[in-house]
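The data block below is run_25.cif; it holds mmCIF, C-alpha atoms.
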```cif
data_structure
#
loop_
_atom_site.label_atom_id
_atom_site.label_comp_id
_atom_site.auth_asym_id
_atom_site.auth_seq_id
_atom_site.Cartn_x
_atom_site.Cartn_y
_atom_site.Cartn_z
CA MET Q 19 156.71 205.46 271.14
CA PHE Q 20 158.76 208.44 272.32
CA LEU Q 21 157.31 211.31 274.36
CA GLN Q 22 158.48 214.88 274.85
CA VAL Q 23 156.92 216.89 277.70
CA TYR Q 24 157.07 220.70 277.72
CA ARG Q 25 156.14 222.65 280.82
CA GLY Q 26 155.97 226.30 281.86
CA ARG Q 27 153.79 229.03 283.36
CA VAL Q 28 151.99 231.30 280.92
CA THR Q 29 149.89 234.44 281.12
CA ASP Q 30 147.93 234.06 277.87
CA PRO Q 31 146.61 230.52 277.22
CA GLU Q 32 145.14 231.50 273.85
CA GLU Q 33 148.55 232.62 272.56
CA VAL Q 34 149.94 229.24 273.62
CA HIS Q 35 147.03 227.48 271.90
CA ALA Q 36 147.64 229.43 268.67
CA ALA Q 37 151.38 228.69 268.78
CA LEU Q 38 150.70 224.97 269.24
CA HIS Q 39 148.23 225.01 266.37
CA ARG Q 40 150.79 226.60 264.02
CA TRP Q 41 153.57 224.25 265.16
CA SER Q 42 151.43 221.12 264.71
CA ASP Q 43 151.07 222.02 261.03
CA THR Q 44 154.87 221.80 260.64
CA LEU Q 45 155.44 218.40 262.27
CA GLY Q 46 156.37 215.70 259.81
CA PRO Q 47 156.53 211.93 259.52
CA GLY Q 48 156.88 210.11 262.81
CA TRP Q 49 154.78 212.58 264.80
CA VAL Q 50 151.88 210.67 266.36
CA GLY Q 51 149.99 213.41 268.19
CA THR Q 52 149.95 216.10 270.85
CA THR Q 53 147.92 216.68 274.00
CA ALA Q 54 148.24 220.07 275.65
CA GLY Q 55 146.51 222.61 277.81
CA VAL Q 56 146.81 225.23 280.49
CA THR Q 57 145.59 224.75 284.05
CA SER Q 58 143.37 227.33 285.76
CA ASP Q 59 146.46 228.72 287.55
CA GLY Q 60 148.42 229.24 284.30
CA ARG Q 61 150.62 226.15 284.17
CA SER Q 62 151.12 224.96 280.61
CA ILE Q 63 151.88 221.33 279.79
CA THR Q 64 152.33 219.80 276.35
CA LEU Q 65 152.85 216.10 275.60
CA VAL Q 66 154.15 215.43 272.08
CA ARG Q 67 154.19 211.81 270.92
CA PHE Q 68 156.49 210.44 268.21
CA GLU Q 69 156.96 206.96 266.76
CA SER Q 70 160.56 206.95 268.01
CA ALA Q 71 163.34 209.19 269.29
CA ASP Q 72 164.72 209.33 265.74
CA THR Q 73 161.53 210.97 264.44
CA ALA Q 74 161.59 213.54 267.27
CA THR Q 75 164.70 215.27 266.00
CA PRO Q 76 164.61 219.07 266.23
CA THR Q 77 163.63 221.11 263.18
CA ASP Q 78 163.82 224.80 262.40
CA ALA Q 79 160.05 225.02 262.96
CA GLY Q 80 160.42 223.22 266.30
CA ASP Q 81 163.20 225.56 267.35
CA ALA Q 82 161.06 228.57 266.40
CA TRP Q 83 158.11 227.15 268.36
CA TRP Q 84 160.34 226.55 271.41
CA ALA Q 85 161.63 230.15 271.26
CA GLN Q 86 158.07 231.44 271.00
CA MET Q 87 156.88 229.27 273.93
CA CYS Q 88 159.81 230.48 276.04
CA GLY Q 89 158.75 234.05 275.23
CA LEU Q 90 155.18 233.30 276.35
CA SER Q 91 156.28 231.70 279.61
CA ALA Q 92 156.57 233.67 282.84
CA GLU Q 93 159.24 231.22 284.06
CA PRO Q 94 161.82 229.08 282.28
CA MET Q 95 160.21 226.41 280.11
CA THR Q 96 161.37 222.84 280.61
CA ARG Q 97 161.47 219.86 278.26
CA GLN Q 98 161.63 216.27 279.40
CA ASP Q 99 162.33 213.40 276.99
CA CYS Q 100 160.66 210.07 277.77
CA PRO Q 101 162.38 207.24 275.89
CA ARG Q 102 159.98 204.66 277.28
CA VAL Q 103 156.19 205.03 277.10
CA MET Q 104 153.50 202.69 278.45
CA THR Q 105 149.88 202.96 277.34
CA GLN Q 106 146.63 202.23 279.15
CA LEU Q 107 143.33 201.30 277.49
CA GLY Q 108 144.58 202.20 274.03
CA GLY Q 109 146.64 205.28 274.91
CA ASP Q 110 145.64 208.86 274.21
CA SER Q 111 142.20 210.02 273.13
CA ALA Q 112 141.56 213.12 271.04
CA ASP Q 113 137.90 212.98 272.15
CA ALA Q 114 138.62 213.45 275.86
CA GLY Q 115 136.71 216.24 277.56
CA TYR Q 116 139.13 216.33 280.50
CA VAL Q 117 142.76 215.23 280.87
CA GLN Q 118 144.63 214.89 284.14
CA VAL Q 119 148.41 214.92 283.85
CA LEU Q 120 150.56 213.78 286.76
CA GLN Q 121 154.28 214.16 287.20
CA GLY Q 122 156.25 212.51 289.97
CA ARG Q 123 158.82 209.91 290.90
CA ILE Q 124 158.67 206.11 290.97
CA SER Q 125 160.47 204.14 293.67
CA ASP Q 126 159.98 200.64 292.16
CA LEU Q 127 159.02 200.52 288.47
CA GLU Q 128 158.69 196.73 288.29
CA ARG Q 129 156.25 196.65 291.22
CA LEU Q 130 154.31 199.63 289.82
CA GLN Q 131 153.89 197.86 286.49
CA GLN Q 132 152.44 194.84 288.32
CA VAL Q 133 149.97 196.96 290.31
CA LEU Q 134 148.86 198.76 287.14
CA ALA Q 135 148.47 195.45 285.27
CA ASP Q 136 146.35 194.05 288.12
CA ALA Q 137 144.07 197.09 287.96
CA SER Q 138 143.78 197.32 284.15
CA GLY Q 139 141.06 194.68 283.72
CA TRP Q 140 138.93 196.27 286.41
CA GLN Q 141 139.40 199.72 284.92
CA ALA Q 142 138.38 198.57 281.43
CA GLU Q 143 135.14 197.08 282.80
CA THR Q 144 134.21 199.58 285.50
CA ARG Q 145 135.82 202.95 284.79
CA THR Q 146 134.01 203.77 281.56
CA ASP Q 147 134.92 207.43 282.18
CA ILE Q 148 138.57 206.60 281.38
CA MET Q 149 139.12 206.75 277.65
CA GLY Q 150 142.83 205.91 277.77
CA GLY Q 151 146.15 206.90 279.21
CA LEU Q 152 149.88 206.91 278.79
CA MET Q 153 152.91 207.12 281.03
CA GLY Q 154 156.27 208.40 279.86
CA LEU Q 155 159.32 207.41 281.89
CA HIS Q 156 161.94 210.13 282.12
CA GLY Q 157 164.84 207.73 282.62
CA ASP Q 158 165.82 209.18 286.00
CA GLY Q 159 163.00 207.73 288.12
CA GLY Q 160 160.59 210.48 287.10
CA PHE Q 161 157.44 210.07 285.06
CA THR Q 162 154.68 211.97 283.30
CA GLN Q 163 151.28 210.30 283.09
CA ALA Q 164 148.19 211.50 281.23
CA VAL Q 165 144.75 210.03 281.89
CA TYR Q 166 142.05 210.86 279.34
CA PHE Q 167 138.47 211.12 280.66
CA SER Q 168 135.14 211.62 278.92
CA SER Q 169 134.45 214.61 281.20
CA GLU Q 170 135.62 216.11 284.48
CA ASP Q 171 132.33 215.25 286.22
CA ALA Q 172 132.59 211.63 285.05
CA ALA Q 173 136.20 211.46 286.27
CA TRP Q 174 135.31 212.60 289.79
CA GLU Q 175 132.29 210.28 289.88
CA GLY Q 176 134.46 207.37 288.73
CA ALA Q 177 137.08 208.19 291.36
CA ARG Q 178 134.54 207.22 294.01
CA THR Q 179 134.46 203.64 292.68
CA GLN Q 180 136.49 201.30 294.86
CA PRO Q 181 138.76 198.92 292.91
CA PRO Q 182 138.58 195.18 293.71
CA VAL Q 183 142.39 195.05 293.74
CA ASP Q 184 144.68 196.54 296.36
CA THR Q 185 146.00 199.84 295.00
CA THR Q 186 147.34 201.13 298.33
CA ALA Q 187 150.80 200.15 297.09
CA LEU Q 188 150.57 203.06 294.65
CA ASP Q 189 151.06 205.47 297.56
CA GLU Q 190 154.34 203.74 298.38
CA LEU Q 191 155.51 203.46 294.75
CA VAL Q 192 154.95 207.02 293.52
CA GLY Q 193 155.72 210.32 295.20
CA ASP Q 194 156.44 214.01 294.69
CA LEU Q 195 153.23 214.27 292.65
CA THR Q 196 152.23 217.36 290.72
CA PHE Q 197 148.79 217.42 289.07
CA PHE Q 198 147.76 219.33 285.95
CA ASP Q 199 143.99 219.43 285.42
CA LEU Q 200 143.31 220.22 281.76
CA ARG Q 201 139.66 221.19 281.72
CA ARG Q 202 139.90 222.29 278.09
CA PRO Q 203 142.48 219.93 276.59
CA TRP Q 204 143.88 220.61 273.13
CA ALA Q 205 144.47 217.58 270.91
CA TYR Q 206 146.42 217.58 267.66
CA SER Q 207 147.14 214.68 265.32
CA PRO Q 208 148.50 214.22 261.81
CA ARG Q 209 145.92 214.90 259.11
#
```
Step by step, read the file and then write its structure as structure tokens.
Amino acid sequence: MFLQVYRGRVTDPEEVHAALHRWSDTLGPGWVGTTAGVTSDGRSITLVRFESADTATPTDAGDAWWAQMCGLSAEPMTRQDCPRVMTQLGGDSADAGYVQVLQGRISDLERLQQVLADASGWQAETRTDIMGGLMGLHGDGGFTQAVYFSSEDAAWEGARTQPPVDTTALDELVGDLTFFDLRRPWAYSPR
């Protein structure tokens, strides 16, 4: 899988939503799906999943969408390509009622993968609020992670559950975190 992450600050979330809807109709073979939304403070984030980097090649429709998104953004839009993507509990979920996206930096990827693997069995059994997740690695030590929850209330209730494995190492392995709470996530997939 290959992931592209678009980010900006917008003044009209519904215009962004409409632009994403139109663009999703133009995406062709190799496009797997899109998760997007705007936070309560106007930060827009869009995660577009493709089968591979080859199927994520720019198109005229994609260029037009990018130009429109840049016009809707109050600050320069950014795009981050993630050539490596890891999934959690089956990956994305179009049925999620709440999505939390995190961006940050990883100090030791190998150790982080071990900590996440140790916690995955517990999460599958105990954190029924988590419907799936994915993490795209930027290639420069940065990452974008999306965790798909059944609802925001369930996510915060589940966060109170203490894991039986030591996850304190996460604080040492990831830093410079930015959170995007998508209370009304938009999901698009091929028809």
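The two atoms in question, atom CA of Q:Thr53 and atom CA of Q:Thr29, are spaced 19.2 Å apart.
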- Residue nearest Q:Arg97 among Q:Ala173, Q:Thr64, Q:Ala205, Q:Leu152 (counting only C-alpha atoms):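 Among Q:Ala173, Q:Thr64, Q:Ala205, Q:Leu152, it is Q:Thr64 that comes nearest to Q:Arg97.
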- note - atom CA of Q:Thr52 and atom CA of Q:Trp204 are separated by 7.9 Å
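Remark: for Q:Gln132, the closest of the candidate residues Q:Leu188, Q:Cys88, Q:Gln118, Q:Met149 is Q:Leu188 (distances computed over all atoms listed in the file).
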- Task: Rank Q:Trp83, Q:Phe197, Q:Tyr24, Q:Phe68 by their smallest atom-to-atom distance to Q:Leu38, using all atoms listed in the file, and report the top residue only.
- Result: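 Smallest distance to Q:Leu38 is found for Q:Trp83.
Proximity ranking of Q:Leu195, Q:Val34, Q:Ala112, Q:Leu45 relative to Q:Ala74 places Q:Leu45 first, based on only C-alpha atoms.
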- Close residues, stretch 159-169 of chain Q itself excluded, 8 Å, only C-alpha atoms, min 6 positions apart in chain, as number ranges by chain: Q: 23, 100, 110-111, 113-125, 147-153
- Q:Thr186, Q:Gly176, Q:Tyr206, Q:Val66: which is nearest Q:Arg40, counting only C-alpha atoms?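 Smallest distance to Q:Arg40 is found for Q:Tyr206.
For the pair atom CA of Q:Arg67 and atom CA of Q:Glu175, the separation is 29.0 Å.
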Residues returned when the PyMOL selection byres ((chain Q and resi 27) around 10) runs on this file, as a PDB file with C-alpha atoms, in the frame of the given file:
```
ATOM      1  CA  ARG Q  25     156.140 222.650 280.820  1.00  0.00           C
ATOM      2  CA  GLY Q  26     155.970 226.300 281.860  1.00  0.00           C
ATOM      3  CA  VAL Q  28     151.990 231.300 280.920  1.00  0.00           C
ATOM      4  CA  THR Q  29     149.890 234.440 281.120  1.00  0.00           C
ATOM      5  CA  ASP Q  30     147.930 234.060 277.870  1.00  0.00           C
ATOM      6  CA  PRO Q  31     146.610 230.520 277.220  1.00  0.00           C
ATOM      7  CA  VAL Q  56     146.810 225.230 280.490  1.00  0.00           C
ATOM      8  CA  THR Q  57     145.590 224.750 284.050  1.00  0.00           C
ATOM      9  CA  ASP Q  59     146.460 228.720 287.550  1.00  0.00           C
ATOM     10  CA  GLY Q  60     148.420 229.240 284.300  1.00  0.00           C
ATOM     11  CA  ARG Q  61     150.620 226.150 284.170  1.00  0.00           C
ATOM     12  CA  SER Q  62     151.120 224.960 280.610  1.00  0.00           C
ATOM     13  CA  ILE Q  63     151.880 221.330 279.790  1.00  0.00           C
ATOM     14  CA  MET Q  87     156.880 229.270 273.930  1.00  0.00           C
ATOM     15  CA  CYS Q  88     159.810 230.480 276.040  1.00  0.00           C
ATOM     16  CA  LEU Q  90     155.180 233.300 276.350  1.00  0.00           C
ATOM     17  CA  SER Q  91     156.280 231.700 279.610  1.00  0.00           C
ATOM     18  CA  ALA Q  92     156.570 233.670 282.840  1.00  0.00           C
ATOM     19  CA  GLU Q  93     159.240 231.220 284.060  1.00  0.00           C
ATOM     20  CA  PRO Q  94     161.820 229.080 282.280  1.00  0.00           C
ATOM     21  CA  MET Q  95     160.210 226.410 280.110  1.00  0.00           C
TER      22      MET Q  95
END
```
- Message: Measuring between only C-alpha atoms, which one of Q:Glu170, Q:Thr44, Q:Thr96, Q:Ala135 shows the shortest distance to Q:Leu200?
- Response: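 Selected residue with least distance to Q:Leu200: Q:Glu170.
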- Given the file shown, determine the residues that the PyMOL selection byres ((chain Q and resi 208) around 7) selects; report them as a PyMOL selection string. chain Q and resi 50-51+207+209
Export of prior selection with C-alpha atoms as a PDB file, in the coordinates of the input:
```
ATOM      1  CA  VAL Q  50     151.880 210.670 266.360  1.00  0.00           C
ATOM      2  CA  GLY Q  51     149.990 213.410 268.190  1.00  0.00           C
ATOM      3  CA  SER Q 207     147.140 214.680 265.320  1.00  0.00           C
ATOM      4  CA  ARG Q 209     145.920 214.900 259.110  1.00  0.00           C
TER       5      ARG Q 209
END
```
- On this file, the PyMOL selection byres ((chain Q and resi 102) around 6) gives some set of residues; write that set as a ChimeraX atom specification. /Q:100-101,103,154-155
